[in-house]
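Right, one structure below, let's go through it.
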Amino acid sequence: MGSCGTWAWQELLVLLSSVWLWVGSSQPTPPGSTHPPGSQLKFRLAGYPRKHNEGRVEVFYNDEWGTICDDDFTLANAHVLCRHLGFVAATGWAHSAKYGKGIGRIWLDNVNCAGGEKNIGDCKHRGWGNSDCSHEEDAGVICKDERIPGFKDSNVIETEQSHVEEVRLRPVVAGARRQLPVTEGIVEVRYKDGWAQICDEGWDSQNSRVVCGMMGFPAEKKVNRNFYKLASKSQPKQKRREDVGSKKRLFTERQQLNYRLHSVSCTGTEVHLSMCAFEFYRGNASAACGAGMPAVVSCVPGPLFATGNAHKKKQRQQQQSQPRIRLKGGAKVGEGRVEVLKSSEWGTICDDRWNLLSASVVCRELGFGSAREALTGARMGQGTGPIHMNEVQCLGTEKTLWSCPFKNITQEDCKHTEDAAIRCNIPYMGYETLIRLSGGRSRFEGRVEVAVGAGDGDQPRWGLVCGEGWGTLEAMVACRQLGLGFANHGLQETWYWDASNVTEMVLSGVKCAGHEMSLSHCQHHGTSLNCRNTGTRFAAGVICSETASDLLLHAPLVQETAYIEDRPLHMLYCAAEENCLSSSARLANWPYGHRRLLRFSSQIHNNGRADFRPKAGRHSWVWHECHRHYHSMDIFTHYDILTPNGTKVAEGHKASFCLEDTECEEDVAKRYECANFGEQGITVGCWDLYRHDIDCQWIDITDVKPGNYILQVVINPNFEVAESDFTNNAMKCNCKYDGHRIWVHSCHIGDALSEEANKRFEQYPGQLNNQIS
């Protein structure tokens with residue numbers, strides 16, 4: 001792992017929006033256009049490398065620059081856009097962020113022009129700001145290098161490159177070059193095929209704050225400028241040489257510096273340097289920055305990326321006090337649906353007026369840098385529970401989101417389809433250089449290979465991971481480390497991917513919680529390899545996916561439908577065959593007597609971004625003659641009765657009798673139906689209902705004594721199928737059983753309440769009467 005640090009500064013790049021070619025629409029806004037009357041769209045070309053007549057298309061709408069998604073993009077779209085930019089026509093277009101990924105909003109998606117429109121707003125599209133894309137899908141155009149006669153463009157790209165696309169923080173102290181993340185160094189911007197410095201004359205803490213935010217750090221700190229300053233020119237040459245040597249050769253010689261920017265002036269709320277005011281040096285810059293030196297920045301890492309004892313202590317302190325904000329449903333660290341804690345209950349934020357300023361406040365509050373994207377339309381999945389905030393309008397200087405102006409929600413204002421989400425800048429850690437996939441049909445699948453034993457200057461040694469015990473949670477971490485999203489499957493055998501010359505097993509006993517950033521952070525056997533099957537066919541593999549399902553139980557329905565039934569044994573033969581009764585049932589005097597059952601309905605929703613499909617294919621489903629249906633999952637849910645201290649006194653489980661779409665939200669079509677050996681699954685936006693009156697939809701409480709208990713239901717308990725979030729798979733209720741009746745109340749999803757409220761729930765003293773307050 002050490003060797004990757006030596007070139008880490010080469011990898012530490014942040015893509016920035018360009019700051020040139022502001023071009024007004026070549027035509028006045030026509031009546032009936034889909035943008036506000038009286039407003040004039042602006043367009044520009046961005047990206048690197050490129051010529052003056054090509055680049056990523058960026059559009060200025062609603063006081064914010066954004067991009068256009070490449071979905072359904074055509075040459076006709078490019079013709080309209082090139083005319084906007086003052087060119088006579090388009091010769092081509094580019095997809096998949098060929099000119100680099102933009103930042104900010106993705107304003108247009110599924111654009112469909114005929115080619116003759118005068119305004120891009122006249123073309124068919126999904127609506128302004130309504131997109132399901134990421135910036136990896138930013139569209140670009142190549143325009144014919146011929147201007148429209150009379151087209152006025154006061155800011156044409158000059159022959160000399162005049163934009164800022166990439167920025168890095170270059171460490172200059174030898175020890176810092178091997179340590180990640182890089183928190184201090186010289187600020188450099190990409191210039192042509194190399195890097196250039198920024199003159200620090202007038203440089204202040206607000207500039208440093210913007211750079212640190214881009215690098216993934218929440219705050220800046222004062223840097224010892226004198227430590228970096230070169231020996232003055234008035235000193236003798238020998239003296240200067242000694243001073244430079246004593247400072248571990250902090251800089252190259254002054255004449256090797258290449259200044260590009262000066263007079264940088266940021267307010268501190270910008271999410272990237274290109275939004276600040278600055279000037280370029282023109283022509284020969286060899287005598288530039290005479291009274292200054294290259295700008296140097298020092299950043300404070302967030303708790304997740306902290307190193308050293310002082311930082312670790314701060315991290316422990318923050319973990320002890322529960323935060324009032326969190327991210328859910330994201331595949332990578334620093335991204336997800338924003339949830340806030342209010343009145344001891346977690347809820348979401350409505351996306352009305354949601355922007356990069358507010359998103360950056362959240363990112364920094366969570367210990368990350370500034371925001372890369374402010375996402376709308378439940379792009380990270382729909383939340384549950386209340387929607388606590390609407391129309392959040394941060395200035396960008398707030399320490400916490402709760403300090404920003406916002407409106408409270410009324411029932412008519414927002415739905416969970418409008419949940420806001422973010423993607424934050426995070427520090428470069430180099431984890432993706434220590435893992436790779438081989439043999440797969442696409443870059444999203446393959447046998448896992450990890451780099452081990454790399455010391456200073458040594459080349460890493462690649463090896464395989466033992467497949468024993470490898471499952472969904474381990475695959476989640478591997479896919480996250482690879483930057484490939486969520487895990488679809490974790491595979492313990494990969495004989496069909498035997499395409500690599502790497503054959504040595506180097507890692508075994510990997511056991512992850514699922515939230516780690518790297519496999520090296522999981523438990524494992526270390527250098528003491530312990531793997532029964534060391535052949536390559538038993539190496540671990542993964543199939544990754546950009547999206548995942550997310551199941552959760554509708555808690556109120558459990559509370560509303562719970563009741564007790566004494567069911568005769570002669571009606572329970574099929575249930576006994578499927579192990580739906582407690583172990584004491586085997587000793588009963590069949591078919592005489594009865595079992596006492598706690599029955600309730602389960603309504604299981606898929607709130608994720610991918611359909612929930614059983615792991616086993618249809619060919620391996622098990623037919624149960626007694627109930628006359630196929631089981632696609634042996635255990636789909638666990639039902640437990642627990643004492644307040646967590647001791648299990650009764651349990652039940654339910655196989656997936658049939659995973660299907662019982663009902664769906666408006667405008668969502670059912671896709672899965674069990675009849676006639678149909679496909680099983682739960683579509684996004686649909687739910688599967690298991691009614692209280694079907695077999696095994698119960699807990700056998702025949703042996704349970706009267707008392708106060710917790711009813712717990714856990715969906716997908718063995719992590720057989722990957723989900724974006726497993727923390728919401730459990731539901732808990734308080735219940736009191738007096739030997740004849742049962743009261744079930746306070747049902748909630750496991751992560752829906754604050755830690756304090758959960759403690760009160762677990763210390764529930766019991767009901768004194770049948771009035772639930």
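We name chains A, B, ... following the order of the structure tokens; residues begin at 1 in each chain, and ligands are numbered from 1 as shown.
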
message: List as a list in words the protein and nucleic acid residues near A:Ser518, meaning an atom at most 8 Å away when only C-alpha atoms are counted, but skip any in the same chain fewer than 2 places from it.
response: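 My reading of the contact set: Tyr431, Val477, Ala478, Arg480, Gln481, Glu516, Ser520, His521 and Cys522 of chain A.
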
Please dump the current selection as a PDB file, in the first residue's frame; keep N, CA and C atoms.
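That gives us again-v6.pdb:
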ATOM      1  N   TYR A 431      -7.470   3.907  -2.534  1.00  0.00           N
ATOM      2  CA  TYR A 431      -7.937   2.536  -2.276  1.00  0.00           C
ATOM      3  C   TYR A 431      -8.196   1.763  -3.565  1.00  0.00           C
ATOM      4  N   VAL A 477     -18.305  -4.046   0.016  1.00  0.00           N
ATOM      5  CA  VAL A 477     -17.082  -3.284   0.270  1.00  0.00           C
ATOM      6  C   VAL A 477     -16.169  -3.315  -0.956  1.00  0.00           C
ATOM      7  N   ALA A 478     -16.043  -4.493  -1.593  1.00  0.00           N
ATOM      8  CA  ALA A 478     -15.198  -4.598  -2.781  1.00  0.00           C
ATOM      9  C   ALA A 478     -15.703  -3.691  -3.901  1.00  0.00           C
ATOM     10  N   ARG A 480     -17.538  -1.000  -3.584  1.00  0.00           N
ATOM     11  CA  ARG A 480     -17.316   0.390  -3.168  1.00  0.00           C
ATOM     12  C   ARG A 480     -15.853   0.776  -3.396  1.00  0.00           C
ATOM     13  N   GLN A 481     -14.928  -0.091  -3.016  1.00  0.00           N
ATOM     14  CA  GLN A 481     -13.503   0.195  -3.194  1.00  0.00           C
ATOM     15  C   GLN A 481     -13.153   0.337  -4.677  1.00  0.00           C
ATOM     16  N   GLU A 516     -17.338  -0.455   5.282  1.00  0.00           N
ATOM     17  CA  GLU A 516     -15.922  -0.120   5.155  1.00  0.00           C
ATOM     18  C   GLU A 516     -15.598   0.428   3.765  1.00  0.00           C
ATOM     19  N   SER A 520      -9.182  -3.970   3.221  1.00  0.00           N
ATOM     20  CA  SER A 520      -8.147  -3.995   4.261  1.00  0.00           C
ATOM     21  C   SER A 520      -8.690  -3.519   5.601  1.00  0.00           C
ATOM     22  N   HIS A 521      -9.833  -2.809   5.603  1.00  0.00           N
ATOM     23  CA  HIS A 521     -10.448  -2.343   6.850  1.00  0.00           C
ATOM     24  C   HIS A 521     -11.330  -3.411   7.483  1.00  0.00           C
ATOM     25  N   CYS A 522     -11.620  -4.484   6.761  1.00  0.00           N
ATOM     26  CA  CYS A 522     -12.436  -5.578   7.289  1.00  0.00           C
ATOM     27  C   CYS A 522     -11.572  -6.527   8.106  1.00  0.00           C
TER      28      CYS A 522
END

Please tabulate, as CSV, the residues of stretch 291-375 of chain A that come within 12 Å of stretch 737-751 of chain A, each with its closest pair of atoms and the distance in Å to one decimal, counting only C-alpha atoms and ordering rows by chain, then residue number upward.
residue,atom,partner,partner_atom,distance
A:Arg326,CA,A:Asp751,CA,11.3
A:Lys328,CA,A:Asp751,CA,10.8
A:Glu339,CA,A:Asp751,CA,11.3
A:Leu341,CA,A:Asp751,CA,11.2
A:Ser344,CA,A:Asp751,CA,11.1
A:Glu345,CA,A:Asp751,CA,9.1
A:Trp346,CA,A:Asp751,CA,8.0
A:Gly347,CA,A:Asp751,CA,10.7

- prompt: Which of these residues is nearest to A:His624, using only C-alpha atoms: A:Met517, A:Leu357, A:Ala575, A:Leu557?
  reply: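 Closest candidate: A:Ala575.
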
Excluding A:Asp204 and residues on its chain fewer than 2 positions from it, collect all residues at most 12 Å away from it, counting only C-alpha atoms, and give them as a PDB file with C-alpha atoms, in the first residue's frame.
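The file below, part-v9.pdb, is the result:
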ATOM      1  CA  CYS A 199       0.721  33.383  -7.067  1.00  0.00           C
ATOM      2  CA  ASP A 200      -0.158  33.840  -3.407  1.00  0.00           C
ATOM      3  CA  GLU A 201      -0.233  37.635  -3.437  1.00  0.00           C
ATOM      4  CA  GLY A 202      -3.547  38.483  -1.777  1.00  0.00           C
ATOM      5  CA  GLN A 206     -11.372  31.995   2.035  1.00  0.00           C
ATOM      6  CA  ASN A 207      -9.362  30.876  -1.003  1.00  0.00           C
ATOM      7  CA  SER A 208      -7.875  28.061   1.078  1.00  0.00           C
ATOM      8  CA  ARG A 209     -11.337  27.029   2.228  1.00  0.00           C
ATOM      9  CA  VAL A 210     -12.508  26.627  -1.373  1.00  0.00           C
ATOM     10  CA  VAL A 211      -9.446  24.561  -2.344  1.00  0.00           C
ATOM     11  CA  GLU A 220      -8.663  24.903   6.282  1.00  0.00           C
ATOM     12  CA  LYS A 221      -6.001  25.872   8.787  1.00  0.00           C
ATOM     13  CA  LYS A 222      -3.238  28.451   8.823  1.00  0.00           C
ATOM     14  CA  VAL A 223      -0.099  27.331   7.030  1.00  0.00           C
ATOM     15  CA  ARG A 225       4.286  30.332   4.984  1.00  0.00           C
ATOM     16  CA  SER A 263      -5.297  37.837  -7.811  1.00  0.00           C
ATOM     17  CA  VAL A 264      -7.519  34.938  -6.749  1.00  0.00           C
ATOM     18  CA  SER A 265     -10.427  36.189  -4.664  1.00  0.00           C
ATOM     19  CA  CYS A 266     -13.006  33.766  -3.257  1.00  0.00           C
ATOM     20  CA  THR A 267     -15.841  34.380  -0.821  1.00  0.00           C
ATOM     21  CA  GLY A 268     -15.384  30.919   0.713  1.00  0.00           C
ATOM     22  CA  ALA A 295       0.036  29.460  -2.965  1.00  0.00           C
ATOM     23  CA  VAL A 296       0.200  26.793  -0.248  1.00  0.00           C
ATOM     24  CA  VAL A 297      -2.826  25.359   1.498  1.00  0.00           C
ATOM     25  CA  SER A 298      -3.221  23.234   4.647  1.00  0.00           C
TER      26      SER A 298
END

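Minimum distance to A:Trp470 across A:Leu257, A:Ile699, A:Cys531, A:Leu273 (counting only C-alpha atoms) occurs at A:Cys531.
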
query: Near stretch 399-413 of chain A, within 9 Å and counting only C-alpha atoms, which residues show up once chain neighbours fewer than 2 positions away are dropped, as a PyMOL selection string?
result: chain A and resi 324-325+340+350+358-359+361-362+364-365+386-397+415

task: Mind checking which residues fall within 6 Å of stretch 133-136 of chain A, counting only C-alpha atoms, ignoring those fewer than 4 positions away in the same chain, and posting them as a VMD selection string?
output: chain A and resid 96 to 97 101 to 102

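Each of A:Ile426, A:Ala562, A:Cys113, A:Ala89 was checked against A:Ser370 using only C-alpha atoms; the smallest atom-to-atom distance is that of A:Ile426.
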
message: What's around A:Glu665 at 10 Å? Count only C-alpha atoms, leave out sequence neighbours fewer than 5 positions away in its own chain, and write the answer as a list of chain:residue names.
response: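 So, after excluding close chain neighbours, the residues are A:Lys670, A:Val684, A:Gly685, A:Cys686, A:Trp687.
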
With N, CA and C atoms retained, export the selected residues as a CSV table (one decimal), in the first residue's frame.
chain,number,residue,atom,x,y,z
A,670,LYS,N,-47.0,-3.2,-12.5
A,670,LYS,CA,-46.5,-4.5,-11.9
A,670,LYS,C,-45.7,-5.3,-12.9
A,684,VAL,N,-39.4,-1.7,-8.1
A,684,VAL,CA,-39.2,-0.4,-7.5
A,684,VAL,C,-40.6,0.3,-7.5
A,685,GLY,N,-41.0,0.8,-6.3
A,685,GLY,CA,-42.3,1.5,-6.2
A,685,GLY,C,-43.5,0.6,-5.9
A,686,CYS,N,-43.2,-0.7,-5.7
A,686,CYS,CA,-44.3,-1.7,-5.5
A,686,CYS,C,-44.1,-2.3,-4.1
A,687,TRP,N,-45.1,-3.1,-3.7
A,687,TRP,CA,-44.9,-3.8,-2.4
A,687,TRP,C,-45.6,-5.2,-2.5

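Distance check against A:Lys118 using only C-alpha atoms: of A:Val88, A:Leu375, A:Met429, A:Leu81, the minimum falls on A:Leu81.
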
query: So, counting only C-alpha atoms, which residue among A:His692, A:His95, A:Gly593, A:Asn729 is closest to A:His638?
result: A:Asn729

field: Spatial neighbours of A:Val465, 12 Å, only C-alpha atoms, chain gap at least 6 places, as an MDAnalysis selection string
entry: chainID A and resid 435:437 447:452 474:475 478 490:494 502:511 519:520 524:526 529:531 533:542

- prompt: Expressed in Å to a single decimal, how great is the separation between atom CA of A:Leu482 and atom CA of A:Ala306?
  reply: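 So the answer is 21.6 Å.
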
- request: DSSP on the backbone, then: every residue of stretch 417-527 of chain A marked strand (DSSP E or B), written as a ChimeraX atom specification.
  value: /A:419,421-424,435-439,445-452,461-466,486-491,505-507,511,523

message: Based on the backbone DSSP call, show me all residues of stretch 494-666 of chain A assigned helix (DSSP H, G or I), as an NGL selection string.
response: :A and (495-497 or 519-521 or 536-538 or 555-561 or 569-571 or 573-577 or 583-587 or 618-620)

query: From the list A:Leu261, A:Cys414, A:Leu356, A:Val182, which residue is nearest A:Thr307 when using only C-alpha atoms?
result: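 Between A:Leu261, A:Cys414, A:Leu356, A:Val182, the residue approaching A:Thr307 most closely is A:Val182.
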
message: Report, in Å to a single decimal, how far apart atom CA of A:Leu551 and atom CA of A:Ala675 are.
response: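 Between atom CA of A:Ala675 and atom CA of A:Leu551 the gap works out to 22.5 Å.
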
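Note that the spacing between atom CA of A:Cys363 and atom CA of A:Thr547 amounts to 22.0 Å.
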